[in-house]
Amino acid sequence: MDKILITGGAGFIGSSLANKLYQTNKLVIIDDLSMGNQDNLPESENIEFIVGCVTDHNLMKRVLSENQFTYIYHFAAIASVADSVARPLETHRINFDSVFNLLELSKQYQQGLKRLVFASSAAVYGDEPTLPKKEESVIKPLTPYAIDKFAAEKYVLAYSQLYNVPTSAVRFFNVYGPKQNPNSPYSGVISIILDRLKRKQAGEEISFTMFGNGEQSRDFVYVEDVMNALELVAKSDKSLGEVYNVATGTETTLNELVRLLSESLEIQLPIDYQESREGDIEHSLADISKIKELGFNPEYSVGAGLNDCIKKGFS
């Protein structure tokens with residue numbers, strides 16, 4: 001069995017990966033449970049769960065010095081853009097400093113490591129209007145969150161080139177799927193819409209707040225496709241020292257999302273349109289030709305992914 005470290009492993013994407021890997025691998029999962037939930041993880045002797053923060057140098061040193069990992073997935077972050085604007089110093093410590101510390105500890109202790117995969121974000125592209133976004137497109141981060149993600153990403157790739165720490169980075173676009181918490185400080189819009197629809201179905205008088213006119217568009221990617229992308233990036237020789245968009249290469253407006261979900265559940269959801277928020281990006285769309293060279297081919301359209309979410313009830 002490989003031994004794998006997943007930081008932020010009780011969160012949405014981290015726990016999805018843990019559920020895929022735990023039966024055939026030994027997992028060490030670190031999460032401070034500020035946004036994750038341990039109930040997202042199965043009970044298994046193959047999982048060692050550590051409640052702690054990735055900014056705790058002593059904890060991270062102990063974990064990295066006492067274990068030899070085959071793969072490391074670094075998902076731990078404060079993923080709220082608004083939070084990073086309100087508390088830039090605190091979010092910087094988690095979104096940047098923890099990555100730098102992990103790289104240094106990996107350089108020192110992880111001689112048998114095959115890959116460290118860092119979760120970056122499409123937020124690094126900012127609002128530069130040229131679409132679709134390629135990995136070499138103009139980078140124009142608008143918030144402390146996006147700045148930290150890009151700076152950390154550059155360090156991650158530099159450690160591969162300078163210190164032979166085997167690294168790759170992925171820029172997630174709008175990931176959605178089961179176990180995505182609609183009540184967390186940073187929730188995927190699909191989980192929020194579905195939550196409102198369920199509450200409406202239960203008889204609650206509720207609406208969905210839409211910031212902007214709803215014609216803003218996103219490249220939504222189902223979490224099952226993300227799991228396949230992570231495996232390809234972690235295990236391919238081509239991906240060493242590289243960064244990849246993880247998306248579908250198709251865009252969907254928020255109005256279209258509401259329509260699709262409302263039709264699937266046969267519920268009409270009232271929309272409360274509000275002014276756009278500062279820092280919100282109008283349109284986002286990925287070019288995924290680079291990751292396709294690794295063999296990636298998204299299997300879920302937005303419609304298929306939404307239907308699977310509804311079937312699983314986001315539980």
# chains A, B, ... in the order shown; residues from 1 in each chain; ligands from 1

$ closest_atom_pairs --of "segment 4-90 of chain A" --to "segment 270-287 of chain A" --cutoff "12 Å" --atoms "only C-alpha atoms" --output "JSON lines"
{"residue": "A:Ser80", "atom": "CA", "partner": "A:Gly279", "partner_atom": "CA", "distance": 11.9}
{"residue": "A:Val81", "atom": "CA", "partner": "A:Gly279", "partner_atom": "CA", "distance": 8.4}
{"residue": "A:Ala82", "atom": "CA", "partner": "A:Gly279", "partner_atom": "CA", "distance": 8.6}
{"residue": "A:Ser84", "atom": "CA", "partner": "A:Gly279", "partner_atom": "CA", "distance": 11.4}
{"residue": "A:Val85", "atom": "CA", "partner": "A:Gly279", "partner_atom": "CA", "distance": 9.5}

$ residues_around --residues "Gln180 of chain A" --least-positions-apart "2" --cutoff "12 Å" --atoms "only C-alpha atoms" --output "PyMOL selection string"
chain A and resi 10-16+35-37+40+174-178+182-195+222-223+309+312-315

$ closest_residue --among "A:His57, A:Lys3, A:Lys26, A:Lys200" --to "Asp97 of chain A" --atoms "only C-alpha atoms"
A:His57

$ closest_atom_pairs --of "segment 196-271 of chain A" --to "segment 62-71 of chain A" --cutoff "12 Å" --atoms "only C-alpha atoms" --output "Markdown table"
| residue | atom | partner | partner_atom | distance |
| --- | --- | --- | --- | --- |
| A:Leu230 | CA | A:Tyr71 | CA | 11.1 |
| A:Glu231 | CA | A:Tyr71 | CA | 10.3 |
| A:Val233 | CA | A:Tyr71 | CA | 11.2 |
| A:Ala234 | CA | A:Tyr71 | CA | 7.5 |
| A:Lys235 | CA | A:Tyr71 | CA | 9.2 |

$ closest_residue --among "A:Ser262, A:Thr209, A:Ser168, A:Asn255" --to "Ser239 of chain A" --atoms "only C-alpha atoms"
A:Ser168
